[in-house]
>>> print(open('final.cif').read())   # mmCIF, C-alpha atoms and all ligand atoms
data_final
loop_
_atom_site.label_atom_id
_atom_site.label_comp_id
_atom_site.auth_asym_id
_atom_site.auth_seq_id
_atom_site.Cartn_x
_atom_site.Cartn_y
_atom_site.Cartn_z
CA MET A 1 101.42 128.37 122.24
CA PRO A 2 98.58 127.72 119.80
CA SER A 3 96.50 124.66 120.65
CA THR A 4 98.20 122.69 117.85
CA PRO A 5 101.75 122.01 119.03
CA VAL A 6 104.61 122.03 116.53
CA ILE A 7 106.58 118.80 116.88
CA GLY A 8 109.79 118.25 114.97
CA VAL A 9 110.92 114.87 113.67
CA LEU A 10 114.68 114.48 113.52
CA ALA A 11 115.09 113.80 109.80
CA LEU A 12 118.67 112.59 109.49
CA GLN A 13 117.73 108.96 108.90
CA GLY A 14 114.97 106.51 109.78
CA ASP A 15 111.19 106.32 109.60
CA VAL A 16 110.56 110.07 109.61
CA ARG A 17 107.46 110.02 107.42
CA GLU A 18 105.66 107.44 109.55
CA HIS A 19 106.17 109.56 112.68
CA ALA A 20 105.00 112.68 110.84
CA THR A 21 101.79 110.89 109.82
CA ALA A 22 101.19 109.58 113.35
CA LEU A 23 101.77 113.06 114.82
CA ALA A 24 99.36 114.66 112.35
CA GLU A 25 96.72 112.14 113.37
CA ALA A 26 97.44 112.97 117.01
CA ASP A 27 96.64 116.64 116.28
CA ALA A 28 100.17 117.98 116.12
CA LEU A 29 101.91 119.87 113.35
CA ALA A 30 104.92 117.74 112.32
CA ARG A 31 108.08 119.30 110.89
CA PRO A 32 111.25 117.60 109.65
CA VAL A 33 114.39 118.85 111.43
CA ARG A 34 117.82 118.76 109.81
CA ARG A 35 119.45 121.99 110.94
CA PRO A 36 120.19 123.32 114.43
CA GLU A 37 118.17 126.52 113.94
CA GLU A 38 115.08 124.45 113.18
CA LEU A 39 115.14 123.25 116.79
CA ASP A 40 114.27 126.74 117.99
CA GLU A 41 110.78 126.66 116.47
CA LEU A 42 109.56 123.52 118.20
CA ASP A 43 107.29 122.65 121.10
CA GLY A 44 108.49 119.03 121.04
CA LEU A 45 110.72 116.64 119.12
CA VAL A 46 110.55 113.01 117.96
CA ILE A 47 113.67 110.96 117.29
CA PRO A 48 112.55 108.19 114.93
CA GLY A 49 113.43 104.54 114.56
CA GLY A 50 116.23 103.68 112.20
CA GLU A 51 119.88 102.97 112.87
CA SER A 52 121.33 104.73 115.88
CA THR A 53 124.96 104.44 114.76
CA THR A 54 124.14 106.22 111.48
CA MET A 55 121.96 108.77 113.24
CA SER A 56 124.75 109.47 115.70
CA LYS A 57 127.27 109.99 112.87
CA LEU A 58 124.93 112.28 110.95
CA ALA A 59 124.03 114.28 114.05
CA VAL A 60 127.74 115.02 114.52
CA ALA A 61 128.24 115.79 110.80
CA PHE A 62 125.24 118.16 110.70
CA GLY A 63 126.34 119.99 113.85
CA LEU A 64 123.20 118.83 115.63
CA LEU A 65 124.51 116.77 118.51
CA GLY A 66 125.42 119.71 120.79
CA PRO A 67 122.23 121.68 120.05
CA LEU A 68 120.10 118.55 120.59
CA ARG A 69 121.75 117.90 123.96
CA GLU A 70 121.20 121.50 124.94
CA LYS A 71 117.51 121.54 123.96
CA VAL A 72 116.80 118.33 125.84
CA ARG A 73 118.65 119.67 128.88
CA GLU A 74 116.59 122.86 128.68
CA GLY A 75 113.42 120.76 128.83
CA LEU A 76 112.20 120.40 125.23
CA PRO A 77 109.78 117.46 125.36
CA VAL A 78 111.18 114.57 123.37
CA TYR A 79 110.06 111.10 122.30
CA GLY A 80 112.35 108.43 120.85
CA SER A 81 111.27 105.12 119.33
CA CYS A 82 113.74 102.25 118.96
CA ALA A 83 116.92 103.89 117.56
CA GLY A 84 115.42 107.08 119.05
CA MET A 85 115.31 105.39 122.45
CA ILE A 86 119.02 104.58 122.09
CA MET A 87 119.69 108.24 121.24
CA LEU A 88 117.97 109.34 124.47
CA ALA A 89 119.87 106.95 126.72
CA ASP A 90 122.50 108.33 129.06
CA LYS A 91 124.36 105.01 128.64
CA ILE A 92 124.35 102.32 125.98
CA LEU A 93 125.62 98.76 125.82
CA ASP A 94 126.69 97.02 122.59
CA GLY A 95 127.03 100.36 120.82
CA ARG A 96 129.83 101.22 118.43
CA ASP A 97 132.93 102.60 120.11
CA ASP A 98 132.46 106.07 118.62
CA GLN A 99 128.68 106.11 119.03
CA GLU A 100 127.31 109.26 120.64
CA THR A 101 123.90 109.76 122.20
CA VAL A 102 121.89 112.85 123.00
CA GLY A 103 121.05 111.42 126.42
CA GLY A 104 118.50 112.88 128.79
CA ILE A 105 116.98 109.72 130.23
CA ASP A 106 118.86 108.17 133.13
CA MET A 107 118.90 104.64 131.74
CA THR A 108 121.21 102.04 130.26
CA VAL A 109 119.94 100.68 126.95
CA ARG A 110 121.22 97.57 125.22
CA ARG A 111 121.23 97.73 121.42
CA ASN A 112 119.83 94.78 119.44
CA ALA A 113 119.05 93.22 122.79
CA PHE A 114 116.45 90.67 121.77
CA GLY A 115 118.98 88.68 119.75
CA ARG A 116 118.60 86.67 116.57
CA GLN A 117 115.71 84.49 117.65
CA ASN A 118 113.66 87.57 118.33
CA ASP A 119 115.14 89.90 115.72
CA SER A 120 111.66 91.10 114.86
CA PHE A 121 108.53 90.23 116.76
CA GLU A 122 105.28 91.66 118.02
CA ALA A 123 103.74 91.66 121.46
CA MET A 124 100.63 93.23 122.95
CA LEU A 125 101.75 95.61 125.70
CA ASP A 126 100.01 97.37 128.53
CA VAL A 127 101.50 100.85 128.47
CA GLU A 128 100.93 103.04 131.51
CA GLY A 129 99.25 106.28 130.44
CA VAL A 130 97.67 104.77 127.33
CA GLU A 131 93.96 104.10 127.81
CA GLY A 132 91.75 101.75 125.85
CA GLY A 133 93.58 98.44 125.99
CA PRO A 134 96.99 97.09 125.05
CA VAL A 135 99.24 98.60 122.40
CA GLN A 136 100.60 96.48 119.56
CA GLY A 137 104.36 96.53 120.08
CA VAL A 138 106.35 96.08 116.86
CA PHE A 139 109.98 95.28 117.67
CA ILE A 140 112.61 95.46 114.90
CA ARG A 141 116.19 94.75 116.00
CA ALA A 142 115.05 96.56 119.07
CA PRO A 143 116.90 97.66 122.20
CA TRP A 144 115.67 97.03 125.70
CA VAL A 145 116.28 99.04 128.82
CA GLU A 146 118.75 97.25 131.03
CA SER A 147 118.42 99.52 134.06
CA VAL A 148 116.91 102.85 135.05
CA GLY A 149 117.66 105.56 137.59
CA ALA A 150 115.29 106.62 140.36
CA GLN A 151 113.76 109.46 138.30
CA VAL A 152 112.68 107.15 135.49
CA ARG A 153 109.19 105.68 135.37
CA VAL A 154 108.80 102.29 133.69
CA LEU A 155 105.70 102.39 131.46
CA ALA A 156 105.82 98.92 129.90
CA THR A 157 107.60 95.58 130.05
CA VAL A 158 107.45 92.54 127.77
CA PRO A 159 104.60 90.44 129.19
CA SER A 160 105.66 86.91 128.23
CA GLY A 161 108.05 84.76 126.21
CA PRO A 162 111.84 84.54 126.43
CA ALA A 163 112.26 88.29 126.96
CA ALA A 164 109.51 88.58 129.60
CA GLY A 165 110.04 91.33 132.13
CA HIS A 166 112.41 93.46 130.08
CA ILE A 167 111.63 97.18 130.07
CA VAL A 168 110.45 98.56 126.73
CA ALA A 169 108.87 101.94 127.53
CA VAL A 170 109.99 104.64 129.96
CA ARG A 171 109.41 108.23 130.87
CA GLN A 172 111.53 110.77 132.75
CA ASP A 173 109.95 114.22 133.13
CA ASN A 174 108.81 115.08 129.61
CA ARG A 175 111.09 112.60 127.89
CA LEU A 176 109.49 109.44 126.54
CA ALA A 177 111.10 106.40 124.92
CA THR A 178 109.84 103.09 123.52
CA SER A 179 111.76 100.07 122.18
CA PHE A 180 108.92 99.48 119.76
CA HIS A 181 107.46 101.42 116.83
CA PRO A 182 103.92 102.71 117.40
CA GLU A 183 104.39 104.79 114.23
CA LEU A 184 104.07 101.60 112.17
CA THR A 185 100.75 100.31 113.45
CA GLY A 186 98.15 102.99 112.63
CA ASP A 187 97.33 103.24 116.36
CA HIS A 188 98.29 106.76 117.40
CA ARG A 189 97.67 106.56 121.14
CA VAL A 190 101.36 106.73 122.07
CA HIS A 191 101.81 109.79 119.84
CA ALA A 192 98.67 111.29 121.40
CA MET A 193 100.18 110.71 124.87
CA PHE A 194 103.33 112.50 123.73
CA THR A 195 101.34 115.36 122.19
CA ASP A 196 99.56 115.74 125.55
CA MET A 197 102.96 115.86 127.29
CA VAL A 198 104.04 118.60 124.86
CA ARG A 199 100.86 120.60 125.54
CA ALA A 200 101.29 120.20 129.29
CA ALA A 201 104.92 121.37 129.13
CA ALA A 202 103.95 124.51 127.25
CA ARG A 203 101.37 125.60 129.79
N1 LIG B 301 114.28 99.62 114.40
C1 LIG B 301 115.26 100.28 114.94
O1 LIG B 301 115.21 101.49 115.17
C2 LIG B 301 116.48 99.45 115.16
C3 LIG B 301 117.54 100.09 116.02
C4 LIG B 301 118.91 99.62 115.59
N2 LIG B 301 119.11 98.24 115.87
C5 LIG B 301 119.97 100.49 116.26
O2 LIG B 301 120.82 100.02 116.92
O3 LIG B 301 119.94 101.68 116.12
#
>>> encode(input="final.cif", output="structure tokens")
Amino acid sequence: MPSTPVIGVLALQGDVREHATALAEADALARPVRRPEELDELDGLVIPGGESTTMSKLAVAFGLLGPLREKVREGLPVYGSCAGMIMLADKILDGRDDQETVGGIDMTVRRNAFGRQNDSFEAMLDVEGVEGGPVQGVFIRAPWVESVGAQVRVLATVPSGPAAGHIVAVRQDNRLATSFHPELTGDHRVHAMFTDMVRAAAR
């Protein structure tokens, strides 16, 4: 693999452009992905924030759900933020009845978990693996991780307030997920961590 990894951004719905910008600043080559064959050219994949029910529907309609599951099972490094986290969950709570996920992380994720009071909020988070101080966590109708399996490493929890202690960043092998949106803050350290994971997987 060339030293600049090619990282796809699932471009069915959501904040695709913001992830592409963050990836470019983290020294990756970002590519929108809408068709199954485009998955074959990637070193890694980002599933953006947006609306997981819509993303799920479109993934089925575009014939992408099966190929996405297969790629993740085969070990393609993947990072999901917010709706993307929901897409990577093996189990979801408060989803729509017909909502499908790609899965790959042994966790149960609750959609819109923070409730009305905390519909959108920000918190400074210590994220394991991210050096140089806390990360600004932007939460927008965000999920949290209700429980994780033994293979899953918890990277961050909410530090204080009514939702204190809830899990908001996890990693299992080369699969990463955050409840929050680092692509919206101009701080690309989480994307740089993912780009490093992609490089390490390709070695
Ligand atoms: N900002 C987001 O990605 C919100 C996620 C959205 N609430 C969902 O269920 O998919």
>>> atom_distance(input="final.cif", atom1="CA of Arg175 in chain A", atom2="CA of Ile105 in chain A")
7.0 Å
>>> closest_residue(input="final.cif", among="A:Val190, A:Val135, A:Ile92, A:Val148", to="ligand LIG 301 (chain B)", atoms="all atoms listed in the file")
A:Ile92
>>> residues_near_ligand(input="final.cif", ligand="ligand LIG 301 (chain B)", cutoff="12 Å", atoms="only C-alpha atoms and all ligand atoms", output="ChimeraX atom specification")
/A:13-16,47-57,80-89,92-96,99-101,109-116,119-121,137-144,177-184
>>> closest_residue(input="final.cif", among="A:His191, A:His166, A:Lys91, A:Arg73", to="Gly129 in chain A", atoms="only C-alpha atoms")
A:His191
>>> atom_distance(input="final.cif", atom1="CA of Ala28 in chain A", atom2="CA of Val102 in chain A")
23.4 Å
>>> atom_distance(input="final.cif", atom1="CA of Pro5 in chain A", atom2="CA of Arg189 in chain A")
16.1 Å
>>> residues_around(input="final.cif", residues="Arg199 in chain A", least_positions_apart="4", cutoff="12 Å", atoms="all atoms listed in the file", output="list in words")
Met1, Pro2, Ser3, Thr4, Pro5, Val6, Ile7, Ala26, Asp27, Ala28, Leu42, Asp43, Gly44, Leu76, Pro77, Asn174, Ala192, Met193, Phe194, Thr195 and Arg203 of chain A
>>> closest_residue(input="final.cif", among="A:Arg17, A:Ser160, A:Val78, A:Ala30", to="Leu45 in chain A", atoms="all atoms listed in the file")
A:Val78
>>> closest_residue(input="final.cif", among="A:Asp106, A:Glu41, A:Asp98, A:Asp187", to="Arg171 in chain A", atoms="only C-alpha atoms")
A:Asp106
>>> closest_residue(input="final.cif", among="A:Ala11, A:Ala150, A:Met197, A:Ala156", to="Pro134 in chain A", atoms="all atoms listed in the file")
A:Ala156
>>> decode(input="final.cif", residues="range 30-88 of chain A", atoms="C-alpha atoms", output="short mmCIF file (atom, residue, chain, number, x, y, z; two decimals), in the first residue's frame")
data_model
loop_
_atom_site.label_atom_id
_atom_site.label_comp_id
_atom_site.auth_asym_id
_atom_site.auth_seq_id
_atom_site.Cartn_x
_atom_site.Cartn_y
_atom_site.Cartn_z
CA ALA A 30 -10.85 10.24 0.96
CA ARG A 31 -13.28 8.75 -1.56
CA PRO A 32 -17.08 8.76 -1.54
CA VAL A 33 -18.57 5.25 -1.73
CA ARG A 34 -22.01 4.57 -3.17
CA ARG A 35 -21.58 1.32 -5.06
CA PRO A 36 -20.47 -2.13 -3.87
CA GLU A 37 -17.54 -2.32 -6.30
CA GLU A 38 -16.11 0.88 -4.85
CA LEU A 39 -15.51 -1.01 -1.60
CA ASP A 40 -12.85 -3.12 -3.29
CA GLU A 41 -10.47 -0.20 -3.76
CA LEU A 42 -10.26 0.86 -0.13
CA ASP A 43 -7.79 0.53 2.72
CA GLY A 44 -10.41 1.75 5.22
CA LEU A 45 -13.95 3.07 5.45
CA VAL A 46 -15.78 5.77 7.41
CA ILE A 47 -19.51 5.60 8.09
CA PRO A 48 -20.57 9.20 8.75
CA GLY A 49 -23.03 10.82 11.11
CA GLY A 50 -26.53 11.37 9.83
CA GLU A 51 -29.67 9.32 10.31
CA SER A 52 -29.11 5.62 10.77
CA THR A 53 -32.65 4.60 9.77
CA THR A 54 -32.26 6.37 6.41
CA MET A 55 -28.74 5.05 5.95
CA SER A 56 -29.96 1.54 6.66
CA LYS A 57 -32.76 1.87 4.09
CA LEU A 58 -30.43 3.28 1.44
CA ALA A 59 -27.78 0.63 2.10
CA VAL A 60 -30.41 -2.03 1.36
CA ALA A 61 -31.71 -0.15 -1.71
CA PHE A 62 -28.20 0.32 -3.14
CA GLY A 63 -27.27 -3.33 -2.59
CA LEU A 64 -24.57 -2.29 -0.15
CA LEU A 65 -25.63 -3.92 3.10
CA GLY A 66 -24.35 -7.43 2.27
CA PRO A 67 -21.06 -6.21 0.75
CA LEU A 68 -20.47 -3.88 3.72
CA ARG A 69 -21.02 -6.73 6.18
CA GLU A 70 -18.66 -8.92 4.22
CA LYS A 71 -15.88 -6.30 4.04
CA VAL A 72 -16.08 -5.59 7.76
CA ARG A 73 -16.05 -9.32 8.50
CA GLU A 74 -12.98 -9.69 6.27
CA GLY A 75 -11.20 -7.06 8.36
CA LEU A 76 -11.53 -3.77 6.43
CA PRO A 77 -10.75 -1.09 9.04
CA VAL A 78 -13.85 0.97 9.70
CA TYR A 79 -14.78 4.04 11.74
CA GLY A 80 -18.35 5.15 12.47
CA SER A 81 -19.40 8.43 14.08
CA CYS A 82 -22.85 8.80 15.65
CA ALA A 83 -25.24 7.24 13.09
CA GLY A 84 -22.10 5.42 11.88
CA MET A 85 -21.64 4.01 15.39
CA ILE A 86 -25.21 2.69 15.25
CA MET A 87 -24.44 1.08 11.88
CA LEU A 88 -21.46 -0.76 13.40
#
